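File shown: final.cif (mmCIF, C-alpha atoms).
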data_start
loop_
_atom_site.label_atom_id
_atom_site.label_comp_id
_atom_site.auth_asym_id
_atom_site.auth_seq_id
_atom_site.Cartn_x
_atom_site.Cartn_y
_atom_site.Cartn_z
CA MET A 1 116.02 102.55 69.79
CA ASP A 2 113.30 104.25 71.78
CA THR A 3 112.08 100.95 73.16
CA THR A 4 115.55 100.05 74.38
CA ILE A 5 115.89 103.37 76.18
CA THR A 6 112.45 102.92 77.75
CA LEU A 7 113.42 99.47 78.95
CA ILE A 8 116.74 100.69 80.41
CA MET A 9 114.96 103.53 82.22
CA LEU A 10 112.33 101.11 83.49
CA PHE A 11 115.07 98.82 84.75
CA ILE A 12 116.96 101.54 86.62
CA SER A 13 113.79 102.96 88.04
CA ALA A 14 112.52 99.63 89.36
CA ALA A 15 115.87 98.36 90.65
CA LEU A 16 117.35 101.48 92.22
CA ILE A 17 115.12 104.52 92.44
CA ASN A 18 111.90 102.82 93.45
CA ASN A 19 113.58 99.85 95.09
CA TYR A 20 110.89 97.34 96.06
CA VAL A 21 112.12 96.93 99.62
CA LEU A 22 113.32 100.39 100.49
CA HIS A 23 110.75 102.46 98.65
CA TYR A 24 107.60 100.32 98.45
CA PHE A 25 108.24 98.25 101.61
CA VAL A 26 107.30 94.95 99.97
CA GLY A 27 109.15 91.80 101.00
CA ILE A 28 110.06 93.18 104.42
CA CYS A 29 109.38 89.86 106.21
CA SER A 30 112.09 87.97 104.33
CA PHE A 31 114.26 91.10 104.21
CA LEU A 32 114.43 91.01 108.02
CA GLY A 33 114.24 87.23 108.35
CA VAL A 34 116.83 85.85 105.91
CA SER A 35 119.40 88.66 106.02
CA ARG A 36 121.63 87.03 108.63
CA ARG A 37 124.33 85.73 106.24
CA VAL A 38 125.32 87.05 102.83
CA ASP A 39 125.29 83.69 101.01
CA MET A 40 121.77 82.87 102.19
CA ALA A 41 120.57 86.37 101.40
CA PHE A 42 121.99 86.07 97.89
CA GLY A 43 120.27 82.70 97.40
CA MET A 44 116.98 84.11 98.60
CA GLY A 45 117.37 87.14 96.32
CA CYS A 46 118.02 84.89 93.32
CA ALA A 47 115.04 82.65 94.16
CA VAL A 48 112.76 85.67 94.45
CA THR A 49 114.03 87.12 91.16
CA PHE A 50 113.49 83.78 89.44
CA VAL A 51 109.98 83.27 90.80
CA MET A 52 109.14 86.89 90.04
CA ALA A 53 110.17 86.53 86.40
CA ILE A 54 108.09 83.36 85.97
CA ALA A 55 105.12 84.88 87.78
CA ALA A 56 105.38 88.07 85.71
CA PHE A 57 105.39 86.09 82.46
CA LEU A 58 102.31 84.07 83.45
CA ASP A 59 100.67 87.14 84.91
CA TRP A 60 101.17 89.24 81.78
CA THR A 61 99.87 86.45 79.53
CA LEU A 62 96.77 85.81 81.64
CA THR A 63 96.01 89.47 82.16
CA TYR A 64 96.55 90.45 78.54
CA TYR A 65 94.43 87.70 77.01
CA ILE A 66 91.86 86.98 79.71
CA LEU A 67 91.63 89.27 82.71
CA ARG A 68 91.94 92.87 81.53
CA PRO A 69 88.85 94.89 80.57
CA GLY A 70 88.36 94.32 76.85
CA ALA A 71 90.51 91.18 76.73
CA PRO A 72 90.05 89.14 73.56
CA LEU A 73 89.49 85.61 74.86
CA PRO A 74 86.47 85.91 77.20
CA ALA A 75 84.83 88.38 74.83
CA PHE A 76 85.14 85.87 71.99
CA VAL A 77 83.71 83.05 74.12
CA TRP A 78 80.87 85.18 75.40
CA ARG A 79 79.99 86.50 71.95
CA SER A 80 79.88 83.07 70.38
CA LEU A 81 77.81 81.73 73.29
CA SER A 82 75.30 84.55 73.58
CA GLY A 83 75.16 85.42 69.89
CA ASN A 84 75.44 89.14 70.70
CA PRO A 85 78.42 90.55 68.72
CA GLN A 86 78.62 93.71 70.87
CA ALA A 87 78.90 91.93 74.20
CA SER A 88 81.90 92.92 76.34
CA VAL A 89 83.26 91.06 79.33
CA ASP A 90 85.36 92.37 82.21
CA LEU A 91 86.92 89.65 84.31
CA SER A 92 89.29 91.92 86.25
CA VAL A 93 87.37 91.16 89.45
CA LEU A 94 88.99 87.72 89.37
CA SER A 95 92.56 89.05 89.06
CA TYR A 96 93.66 88.77 92.69
CA ILE A 97 92.51 85.18 93.03
CA VAL A 98 94.15 84.18 89.75
CA TYR A 99 97.43 85.94 90.61
CA ILE A 100 97.77 84.27 93.99
CA PHE A 101 97.09 80.92 92.33
CA VAL A 102 99.75 81.56 89.69
CA ILE A 103 102.31 82.60 92.30
CA ALA A 104 101.62 79.55 94.47
CA ALA A 105 102.07 77.28 91.43
CA ALA A 106 105.30 79.02 90.39
CA VAL A 107 106.74 78.70 93.90
CA GLN A 108 105.85 75.02 94.00
CA PHE A 109 107.68 74.53 90.71
CA VAL A 110 110.80 76.38 91.88
CA GLU A 111 110.79 74.44 95.14
CA MET A 112 110.73 71.10 93.32
CA TYR A 113 113.51 72.27 90.98
CA ILE A 114 115.80 73.46 93.77
CA ARG A 115 115.18 70.34 95.87
CA LYS A 116 116.19 68.15 92.95
CA PHE A 117 119.24 70.04 91.71
CA PHE A 118 120.55 72.10 94.67
CA PRO A 119 119.85 70.08 97.83
CA ALA A 120 122.29 72.14 99.95
CA LEU A 121 120.58 75.37 98.98
CA TYR A 122 117.22 73.74 99.65
CA ARG A 123 118.24 72.84 103.21
CA ALA A 124 119.64 76.33 103.76
CA PHE A 125 116.36 77.97 102.74
CA GLY A 126 114.35 75.86 105.16
CA VAL A 127 111.02 77.44 105.85
CA TYR A 128 111.58 80.50 103.70
CA LEU A 129 111.12 78.88 100.32
CA PRO A 130 107.41 78.10 100.67
CA LEU A 131 107.10 81.54 102.26
CA ILE A 132 107.98 83.13 98.91
CA THR A 133 104.31 82.49 98.09
CA THR A 134 103.39 85.05 100.70
CA ASN A 135 106.27 87.31 99.74
CA CYS A 136 104.48 90.54 98.94
CA ALA A 137 107.17 91.56 96.44
CA ILE A 138 105.98 89.03 93.87
CA LEU A 139 102.31 89.89 94.16
CA PHE A 140 103.32 93.54 94.06
CA ALA A 141 105.15 93.03 90.75
CA CYS A 142 102.03 91.31 89.34
CA LEU A 143 99.83 94.18 90.51
CA GLU A 144 102.15 96.77 88.94
CA ILE A 145 101.97 94.91 85.63
CA MET A 146 98.19 94.69 85.95
CA LYS A 147 98.03 98.44 86.53
CA HIS A 148 99.68 99.02 83.15
CA LEU A 149 97.27 96.69 81.38
CA GLN A 150 94.06 98.49 82.35
CA ASP A 151 94.08 101.35 79.87
CA SER A 152 93.71 99.91 76.37
CA THR A 153 95.45 102.92 74.77
CA ALA A 154 98.77 102.39 76.59
CA LEU A 155 99.19 98.66 77.04
CA TRP A 156 102.47 97.24 78.24
CA SER A 157 104.14 94.60 76.10
CA LEU A 158 105.75 91.45 77.47
CA PRO A 159 109.36 92.80 77.46
CA GLU A 160 108.31 95.73 79.62
CA ALA A 161 106.55 93.45 82.10
CA LEU A 162 109.54 91.11 82.29
CA THR A 163 111.98 94.02 82.70
CA LEU A 164 109.96 95.37 85.59
CA ALA A 165 109.89 91.97 87.30
CA VAL A 166 113.57 91.14 86.81
CA ALA A 167 114.70 94.64 87.81
CA GLY A 168 112.50 94.50 90.89
CA GLY A 169 113.91 91.12 91.82
CA LEU A 170 117.50 92.28 91.35
CA GLY A 171 116.77 95.40 93.41
CA TYR A 172 115.43 93.16 96.16
CA CYS A 173 118.52 90.95 95.88
CA LEU A 174 120.81 94.00 96.12
CA ALA A 175 119.00 95.39 99.16
CA ILE A 176 118.94 92.08 101.05
CA CYS A 177 122.62 91.37 100.29
CA LEU A 178 123.68 94.83 101.50
CA MET A 179 121.59 94.31 104.62
CA ALA A 180 123.16 90.90 105.27
CA GLY A 181 126.65 92.34 104.85
CA ILE A 182 125.94 95.07 107.39
CA ARG A 183 124.37 92.61 109.81
CA GLU A 184 127.38 90.29 109.63
CA GLU A 185 129.54 93.21 110.77
CA LEU A 186 126.94 94.13 113.36
CA ASP A 187 127.51 90.84 115.21
CA LEU A 188 130.83 92.29 116.40
CA CYS A 189 129.26 95.54 117.64
CA ASP A 190 127.80 96.42 121.00
CA VAL A 191 124.17 97.21 120.21
CA PRO A 192 121.91 98.55 123.00
CA LYS A 193 119.99 95.56 124.34
CA PRO A 194 116.39 96.65 123.52
CA LEU A 195 117.35 97.38 119.91
CA LYS A 196 118.97 93.98 119.31
CA GLY A 197 117.41 92.03 116.44
CA PRO A 198 114.62 93.69 114.46
CA GLY A 199 114.99 97.16 116.01
CA ILE A 200 118.51 97.85 114.79
CA SER A 201 117.79 96.13 111.45
CA LEU A 202 114.92 98.53 110.80
CA ILE A 203 117.02 101.56 111.70
CA ILE A 204 119.74 100.34 109.30
CA ALA A 205 117.08 99.86 106.63
CA GLY A 206 115.98 103.44 107.25
CA ILE A 207 119.50 104.74 106.67
CA MET A 208 119.80 102.55 103.56
CA ALA A 209 116.50 103.96 102.29
CA MET A 210 117.92 107.47 102.73
CA ALA A 211 120.97 106.45 100.71
CA PHE A 212 118.78 105.02 97.97
CA MET A 213 116.81 108.27 97.86
CA GLY A 214 119.99 109.71 96.39
CA PHE A 215 119.17 107.87 93.16
CA THR A 216 116.12 110.07 92.59
CA GLY A 217 116.41 111.86 89.27
CA VAL A 218 119.14 109.59 87.94
CA GLU A 219 116.92 108.39 85.12
CA LYS A 220 116.32 111.92 83.81
CA GLY A 221 120.03 112.63 83.65
CA LEU A 222 120.66 109.33 81.92
CA THR A 223 117.99 109.97 79.32
CA THR A 224 119.54 113.35 78.53
CA ALA A 225 123.02 111.81 78.34
CA ILE A 226 121.88 109.04 76.02
CA THR A 227 120.00 111.38 73.70
CA ILE A 228 123.00 113.73 73.49
CA LEU A 229 125.60 111.00 73.00
CA LEU A 230 123.72 108.87 70.49
CA PRO A 231 123.87 109.96 66.85
CA LYS A 232 120.51 110.85 65.41
CA MET B 1 83.84 68.35 119.68
CA ALA B 2 86.32 69.06 122.45
CA GLU B 3 87.89 72.48 122.20
CA GLU B 4 91.62 72.80 122.77
CA GLY B 5 93.78 75.81 123.27
CA PRO B 6 92.91 79.20 124.73
CA THR B 7 89.29 80.29 125.17
CA ALA B 8 87.61 83.04 123.17
CA LEU B 9 88.25 85.68 125.85
CA GLU B 10 91.92 84.76 126.14
CA ARG B 11 92.31 84.93 122.37
CA PHE B 12 90.64 88.33 122.32
CA ILE B 13 92.87 89.84 125.02
CA ASN B 14 96.02 88.17 123.67
CA GLY B 15 95.60 89.87 120.32
CA ILE B 16 95.54 93.39 121.73
CA LEU B 17 98.76 93.57 123.73
CA PRO B 18 100.40 90.32 124.92
CA GLU B 19 100.65 88.93 121.39
CA ASN B 20 100.34 92.18 119.47
CA PRO B 21 100.81 91.22 115.81
CA VAL B 22 103.20 94.06 115.03
CA TYR B 23 105.22 94.72 118.19
CA ARG B 24 105.38 91.15 119.52
CA GLN B 25 105.16 88.92 116.45
CA LEU B 26 106.63 91.24 113.79
CA LEU B 27 103.99 90.22 111.26
CA GLY B 28 102.46 92.24 108.45
CA MET B 29 105.29 94.75 108.23
CA CYS B 30 104.46 95.83 104.70
CA PRO B 31 101.28 97.87 105.41
CA VAL B 32 102.69 98.95 108.78
CA LEU B 33 105.50 100.76 107.00
CA ALA B 34 103.74 101.78 103.82
CA VAL B 35 100.47 103.43 104.83
CA THR B 36 101.45 105.10 108.10
CA ASN B 37 102.44 108.51 106.72
CA GLY B 38 99.07 109.80 107.94
CA VAL B 39 96.54 108.69 110.54
CA LYS B 40 93.62 108.52 108.10
CA PRO B 41 95.12 106.08 105.57
CA ALA B 42 96.42 104.02 108.49
CA LEU B 43 92.93 103.70 109.96
CA THR B 44 91.38 102.87 106.58
CA MET B 45 93.98 100.17 106.14
CA ALA B 46 93.33 98.84 109.64
CA GLY B 47 89.59 98.72 108.86
CA ALA B 48 90.08 96.83 105.61
CA THR B 49 92.48 94.39 107.27
CA ALA B 50 90.05 93.88 110.16
CA PHE B 51 87.21 93.04 107.77
CA VAL B 52 89.33 90.52 105.86
CA LEU B 53 90.86 89.03 109.01
CA ILE B 54 87.54 88.48 110.80
CA CYS B 55 85.74 87.11 107.73
CA ALA B 56 88.64 84.81 106.79
CA ASN B 57 88.89 83.56 110.38
CA VAL B 58 85.17 82.77 110.55
CA VAL B 59 85.07 81.02 107.16
CA THR B 60 88.24 79.02 107.87
CA SER B 61 86.82 77.97 111.20
CA LEU B 62 83.56 76.84 109.55
CA ILE B 63 85.35 74.68 106.98
CA ARG B 64 88.10 73.41 109.31
CA GLY B 65 86.70 69.85 109.22
CA LEU B 66 87.15 69.68 105.45
CA LEU B 67 90.72 71.00 105.25
CA LYS B 68 93.39 68.69 103.89
CA PRO B 69 96.81 69.35 105.50
CA HIS B 70 98.80 69.80 102.29
CA LEU B 71 96.25 72.12 100.69
CA ARG B 72 95.35 74.24 103.68
CA ILE B 73 97.64 77.21 102.98
CA LEU B 74 96.23 77.46 99.46
CA VAL B 75 92.66 77.33 100.80
CA PHE B 76 93.47 80.07 103.33
CA THR B 77 95.00 82.27 100.64
CA LEU B 78 92.07 81.85 98.28
CA THR B 79 89.57 82.62 101.07
CA ILE B 80 91.56 85.74 101.93
CA ALA B 81 91.84 86.76 98.26
CA THR B 82 88.05 86.59 97.91
CA PHE B 83 87.46 88.89 100.87
CA VAL B 84 90.23 91.24 99.79
CA THR B 85 88.52 91.59 96.39
CA ILE B 86 85.30 92.54 98.20
CA ALA B 87 87.10 95.05 100.43
CA ASP B 88 88.99 96.54 97.47
CA LYS B 89 85.85 97.04 95.37
CA PHE B 90 84.03 98.49 98.40
CA LEU B 91 86.79 101.03 99.05
CA ALA B 92 86.97 101.96 95.37
CA ALA B 93 83.20 102.52 95.31
CA TYR B 94 82.76 104.56 98.49
CA VAL B 95 86.09 106.24 99.35
CA TYR B 96 87.69 106.54 95.94
CA ASP B 97 90.41 109.05 96.91
CA MET B 98 91.55 106.94 99.84
CA SER B 99 91.50 103.83 97.68
CA LYS B 100 93.71 105.63 95.13
CA GLN B 101 96.11 106.72 97.87
CA LEU B 102 96.40 103.23 99.36
CA GLY B 103 96.99 101.89 95.85
CA PRO B 104 98.47 98.40 95.69
CA TYR B 105 98.57 98.00 99.46
CA VAL B 106 94.88 96.98 99.64
CA PRO B 107 95.34 93.94 97.35
CA LEU B 108 98.58 93.24 99.22
CA ILE B 109 96.45 92.38 102.28
CA ILE B 110 96.21 88.94 100.61
CA VAL B 111 99.82 88.22 101.48
CA ASN B 112 99.68 89.85 104.90
CA CYS B 113 101.26 87.24 107.16
CA ILE B 114 99.01 88.14 110.11
CA ILE B 115 95.89 86.76 108.45
CA ILE B 116 97.48 83.53 107.25
CA ALA B 117 99.11 83.06 110.65
CA ARG B 118 95.78 83.53 112.46
CA CYS B 119 94.02 81.09 110.10
CA GLU B 120 96.79 78.57 110.72
CA VAL B 121 97.23 79.02 114.49
CA CYS B 122 93.69 79.63 115.61
CA ALA B 123 90.86 79.39 113.09
CA SER B 124 91.76 76.04 111.55
CA LYS B 125 91.77 74.42 115.01
CA GLN B 126 89.06 76.14 117.03
CA GLY B 127 85.35 76.97 116.92
CA VAL B 128 83.67 79.88 115.21
CA TRP B 129 83.26 82.09 118.28
CA THR B 130 86.87 81.67 119.35
CA ALA B 131 88.02 82.42 115.82
CA PHE B 132 85.79 85.49 115.69
CA ALA B 133 87.08 86.79 119.04
CA ASP B 134 90.63 86.12 117.91
CA GLY B 135 90.05 88.05 114.70
CA VAL B 136 88.59 91.03 116.55
CA GLY B 137 91.39 91.05 119.14
CA MET B 138 94.13 90.83 116.52
CA SER B 139 92.47 93.55 114.44
CA ILE B 140 92.37 95.89 117.43
CA GLY B 141 96.01 95.13 118.16
CA PHE B 142 96.95 95.78 114.54
CA ALA B 143 94.94 99.01 114.46
CA LEU B 144 96.61 100.24 117.65
CA ALA B 145 100.05 99.50 116.22
CA LEU B 146 99.27 101.29 112.94
CA LEU B 147 97.80 104.22 114.86
CA SER B 148 100.85 104.60 117.10
CA ILE B 149 103.28 104.66 114.19
CA ALA B 150 101.07 106.93 112.09
CA THR B 151 100.68 109.35 115.01
CA VAL B 152 104.42 109.73 115.45
CA ARG B 153 105.01 110.08 111.73
CA GLU B 154 102.21 112.53 111.01
CA ILE B 155 102.89 114.79 114.00
CA LEU B 156 106.64 114.95 113.41
CA GLY B 157 106.35 114.98 109.65
CA SER B 158 103.70 117.60 109.05
CA GLY B 159 102.72 118.87 112.51
CA THR B 160 99.16 117.58 112.15
CA TRP B 161 97.10 114.74 113.55
CA PHE B 162 94.09 113.65 111.51
CA LYS B 163 94.76 116.78 109.41
CA LEU B 164 94.25 118.97 112.54
CA HIS B 165 97.15 121.20 113.49
CA VAL B 166 98.52 120.11 116.84
CA LEU B 167 101.92 121.74 116.66
CA PRO B 168 102.43 125.50 116.19
CA ALA B 169 102.52 126.68 112.59
CA SER B 170 106.22 127.50 112.99
CA TRP B 171 106.95 123.73 113.19
CA PRO B 172 109.21 123.09 110.21
CA GLY B 173 107.95 119.56 109.55
CA TRP B 174 110.50 116.79 109.28
CA GLY B 175 110.04 115.84 105.66
CA ILE B 176 111.94 112.61 106.16
CA MET B 177 109.23 111.27 108.47
CA VAL B 178 106.57 111.10 105.76
CA LEU B 179 109.06 109.62 103.28
CA PRO B 180 110.00 105.92 103.25
CA PRO B 181 113.11 106.19 105.49
CA GLY B 182 111.01 107.75 108.26
CA ALA B 183 108.84 104.63 108.36
CA PHE B 184 111.82 102.37 108.98
CA LEU B 185 113.34 104.69 111.60
CA THR B 186 110.06 105.20 113.47
CA LEU B 187 109.22 101.51 113.58
CA GLY B 188 112.76 100.60 114.63
CA ILE B 189 112.76 103.10 117.49
CA LEU B 190 109.21 102.21 118.61
CA LEU B 191 110.11 98.49 118.60
CA GLY B 192 113.17 99.27 120.71
CA THR B 193 111.03 101.31 123.13
CA ALA B 194 108.43 98.54 123.45
CA GLU B 195 111.20 96.04 124.09
CA TRP B 196 112.77 98.34 126.69
CA PHE B 197 109.49 98.61 128.61
CA GLY B 198 109.05 94.84 128.38
CA MET B 199 112.53 94.27 129.78
CA ARG B 200 111.95 96.69 132.64
CA ARG B 201 108.67 94.96 133.52
CA ARG B 202 110.34 91.54 133.47
CA ARG B 203 113.17 92.76 135.67
CA ALA B 204 110.69 94.31 138.13
CA GLY B 205 108.72 91.04 138.16
CA LYS B 206 111.86 89.07 139.01
CA GLY B 207 112.82 91.47 141.78
CA GLN B 208 109.67 90.81 143.82
#
Re-express the file's structure as structure tokens.
Amino acid sequence: MDTTITLIMLFISAALINNYVLHYFVGICSFLGVSRRVDMAFGMGCAVTFVMAIAAFLDWTLTYYILRPGAPLPAFVWRSLSGNPQASVDLSVLSYIVYIFVIAAAVQFVEMYIRKFFPALYRAFGVYLPLITTNCAILFACLEIMKHLQDSTALWSLPEALTLAVAGGLGYCLAICLMAGIREELDLCDVPKPLKGPGISLIIAGIMAMAFMGFTGVEKGLTTAITILLPK
Amino acid sequence: MAEEGPTALERFINGILPENPVYRQLLGMCPVLAVTNGVKPALTMAGATAFVLICANVVTSLIRGLLKPHLRILVFTLTIATFVTIADKFLAAYVYDMSKQLGPYVPLIIVNCIIIARCEVCASKQGVWTAFADGVGMSIGFALALLSIATVREILGSGTWFKLHVLPASWPGWGIMVLPPGAFLTLGILLGTAEWFGMRRRRAGKGQ
């Protein structure tokens, strides 16, 4: 039961309280670039969530078995090669290069899949699909997972890593869809000329970030509610 | 080999104001918003980005004859990732507190669009010196942008600049400015101001 509660809290925290876009500022480029129409924004949000989940899975596997300090695989190889049973290997210096490789491969895979099965969506994405590779949100999710795999006393398991990634992706999707909805209405408004385009979008994002700050503390209340309501 | 495109000096000057990466091209928004709650983290970030940008530009320019078109973005990213690892380890070794405060935003330099854009637009087509000058110019432009936003946010948010008190102690400090929403609002308003000045200049130019 405890694990489930932890996962729910993790989900709410990553999707709402510490929203990737509005709290950590990752994925701003596509947040400002693709948020012109709601349907495209939703497609982009789904693509990012999908890629993020795949990348998080690969990232957790690679980090857990190979890249973290004290990982089993390189230590085993090194020990059998050098003959020294106490040898320890730390490959974490390679993490960034490996992560970016994994993300690029995952994006390539998703691109091929969408081109084959959803050609209309593929044309609508245009240049933004390959740009998911450089979408900071995905690398950020990988880095967050890596951060929780450094200390060997409190290692994250795969469900936690996947929850973080999916919740982050859904939070991104929510933020970009809200933004697109507001911007569709904004087309009918008389915006001061210098603020047209990115200026007004950023100010709207600021107001949205203030609204999302209202979620702070929600997870504590929920934990209390769940522990009170659930029978022991 | 015949050089095409702007010269080194033009590239250098273009980076600072006419093609400022933040205000003109809207690139690299993530660090611009995330680390500008104080002047000091903003400058550290600008320094790390400058190191990576210049090194990546020079290396890309040196290997530009070997690049295959369909693999070039991957090569750029891996070059950048290598230099970011160096910068990250350097910061962690010498300015540990700052490195802790910047957190994931140092590794996120890898996906900073400015660097990939510069590799693509300039370094993969032009010689080493031009690429170097371009890197330096863009870095100065980026640093100026970060500095301007951080100045507004730190002065309004906590009444200090570089941790020195510039406003009277009675200044209440607008807490919102050092929190995430303040970053969006400041950048939005500064972008609008820059655009307003640009429009006025264009109108004045037409009038003559």
Best match for closeness to A:Leu32 among B:Ile16, B:Leu108, B:Met29, B:Ile63, counting only C-alpha atoms =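 For A:Leu32, the nearest of the given residues is B:Met29.
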Identify all chain B residues at most 8 Å from chain A by counting all atoms listed in the file; ligands do not count. Present them as a ChimeraX atom specification.
-> /B:27-31,33-34,74,77-78,81-82,85,104,107-108,111-113,180-185,187-189,191-193,195-196,199
Name the residues in contact with B:Asp134 at a cut-off of 7 Å, using only C-alpha atoms, excluding same-chain residues fewer than 3 positions from it; report them as a VMD selection string.
-> chain B and resid 8 11 to 12 15 130 to 131 137 to 138
With only C-alpha atoms as the basis for distance, which of B:Val152, B:Ile80, B:Leu17, B:Val39 is at the shortest distance from B:Ile114?
->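 Among B:Val152, B:Ile80, B:Leu17, B:Val39, it is B:Ile80 that comes nearest to B:Ile114.
Between atom CA of B:Leu167 and atom CA of B:Val95 lies a distance of 28.1 Å.
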Please measure the separation of atom CA of B:Asp88 and atom CA of B:Val106, giving the value in Å to one decimal.
->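 Atom CA of B:Val106 lies at a distance of 6.3 Å from atom CA of B:Asp88.
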In the coordinates of the file, take the point (96.1, 81.5, 112.4) and a cut-off of 12 Å; then, counting all atoms listed in the file, name each qualifying protein, DNA or RNA residue as a compact mmCIF listing (two decimals) with C-alpha atoms, in the coordinates of the input.
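selection39.txt, written as the output of this step:
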# COMPACT_ATOMS: atom_id res chain seq x y z
CA ARG B 11 92.31 84.93 122.37
CA GLY B 15 95.60 89.87 120.32
CA PRO B 21 100.81 91.22 115.81
CA LEU B 27 103.99 90.22 111.26
CA LEU B 53 90.86 89.03 109.01
CA ILE B 54 87.54 88.48 110.80
CA ALA B 56 88.64 84.81 106.79
CA ASN B 57 88.89 83.56 110.38
CA VAL B 58 85.17 82.77 110.55
CA THR B 60 88.24 79.02 107.87
CA SER B 61 86.82 77.97 111.20
CA ARG B 64 88.10 73.41 109.31
CA ARG B 72 95.35 74.24 103.68
CA ILE B 73 97.64 77.21 102.98
CA PHE B 76 93.47 80.07 103.33
CA THR B 77 95.00 82.27 100.64
CA ASN B 112 99.68 89.85 104.90
CA CYS B 113 101.26 87.24 107.16
CA ILE B 114 99.01 88.14 110.11
CA ILE B 115 95.89 86.76 108.45
CA ILE B 116 97.48 83.53 107.25
CA ALA B 117 99.11 83.06 110.65
CA ARG B 118 95.78 83.53 112.46
CA CYS B 119 94.02 81.09 110.10
CA GLU B 120 96.79 78.57 110.72
CA VAL B 121 97.23 79.02 114.49
CA CYS B 122 93.69 79.63 115.61
CA ALA B 123 90.86 79.39 113.09
CA SER B 124 91.76 76.04 111.55
CA LYS B 125 91.77 74.42 115.01
CA GLN B 126 89.06 76.14 117.03
CA THR B 130 86.87 81.67 119.35
CA ALA B 131 88.02 82.42 115.82
CA PHE B 132 85.79 85.49 115.69
CA ASP B 134 90.63 86.12 117.91
CA GLY B 135 90.05 88.05 114.70
CA MET B 138 94.13 90.83 116.52
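The space separating atom CA of B:Leu179 from atom CA of B:Gln101 comes to 14.3 Å.
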B:Ala204, B:Ile140, B:Trp171, B:Ile110 ranked by distance to B:Thr79, top pick (using all atoms listed in the file) |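 Looking at the shortest contact to B:Thr79, the residue is B:Ile110.
Ranking A:Met9, A:Leu178, A:Tyr20, A:Gly70 by their shortest atom-to-atom distance to A:Thr153, with only C-alpha atoms included, puts A:Gly70 first.
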Return as a list in words the set of residues that the PyMOL selection byres ((chain A and resi 171) around 8) yields on the displayed structure.
-> Ala14, Ala15, Leu16, Asn19, Tyr20, Val21, Ala167, Gly168, Gly169, Leu170, Tyr172, Cys173, Leu174 and Ala175 of chain A
Selection above as a file: C-alpha atoms, as a compact mmCIF listing (two decimals), in the coordinates of the input:
# COMPACT_ATOMS: atom_id res chain seq x y z
CA ALA A 14 112.52 99.63 89.36
CA ALA A 15 115.87 98.36 90.65
CA LEU A 16 117.35 101.48 92.22
CA ASN A 19 113.58 99.85 95.09
CA TYR A 20 110.89 97.34 96.06
CA VAL A 21 112.12 96.93 99.62
CA ALA A 167 114.70 94.64 87.81
CA GLY A 168 112.50 94.50 90.89
CA GLY A 169 113.91 91.12 91.82
CA LEU A 170 117.50 92.28 91.35
CA TYR A 172 115.43 93.16 96.16
CA CYS A 173 118.52 90.95 95.88
CA LEU A 174 120.81 94.00 96.12
CA ALA A 175 119.00 95.39 99.16
Run the PyMOL selection byres ((chain A and resi 8) around 12) against the file shown and list the residues it catches, as a PyMOL selection string.
-> chain A and resi 1-7+9-16+159-160+163-164+166-167+218-220+222-223+226
Export C-alpha atoms of the chosen residues as a short mmCIF file (atom, residue, chain, number, x, y, z; two decimals), in the frame of the given file?
data_model
loop_
_atom_site.label_atom_id
_atom_site.label_comp_id
_atom_site.auth_asym_id
_atom_site.auth_seq_id
_atom_site.Cartn_x
_atom_site.Cartn_y
_atom_site.Cartn_z
CA MET A 1 116.02 102.55 69.79
CA ASP A 2 113.30 104.25 71.78
CA THR A 3 112.08 100.95 73.16
CA THR A 4 115.55 100.05 74.38
CA ILE A 5 115.89 103.37 76.18
CA THR A 6 112.45 102.92 77.75
CA LEU A 7 113.42 99.47 78.95
CA MET A 9 114.96 103.53 82.22
CA LEU A 10 112.33 101.11 83.49
CA PHE A 11 115.07 98.82 84.75
CA ILE A 12 116.96 101.54 86.62
CA SER A 13 113.79 102.96 88.04
CA ALA A 14 112.52 99.63 89.36
CA ALA A 15 115.87 98.36 90.65
CA LEU A 16 117.35 101.48 92.22
CA PRO A 159 109.36 92.80 77.46
CA GLU A 160 108.31 95.73 79.62
CA THR A 163 111.98 94.02 82.70
CA LEU A 164 109.96 95.37 85.59
CA VAL A 166 113.57 91.14 86.81
CA ALA A 167 114.70 94.64 87.81
CA VAL A 218 119.14 109.59 87.94
CA GLU A 219 116.92 108.39 85.12
CA LYS A 220 116.32 111.92 83.81
CA LEU A 222 120.66 109.33 81.92
CA THR A 223 117.99 109.97 79.32
CA ILE A 226 121.88 109.04 76.02
#
Rank B:Gly38, B:Arg202, B:Gly141, B:Gly47 by their smallest atom-to-atom distance to B:Pro18, using only C-alpha atoms, and report the top residue only.
->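 Looking only at the distances to B:Pro18, the closest residue turns out to be B:Gly141.
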Which of these, B:Val59, B:Gly205, B:Ala194, B:Ala50, has the shortest distance to B:Trp129 once you count only C-alpha atoms?
-> B:Val59
Picked residues, the PyMOL selection byres ((chain A and resi 36) around 12), as a PyMOL selection string | chain A and resi 30-35+37-42+44+124+176-187+197-198+201
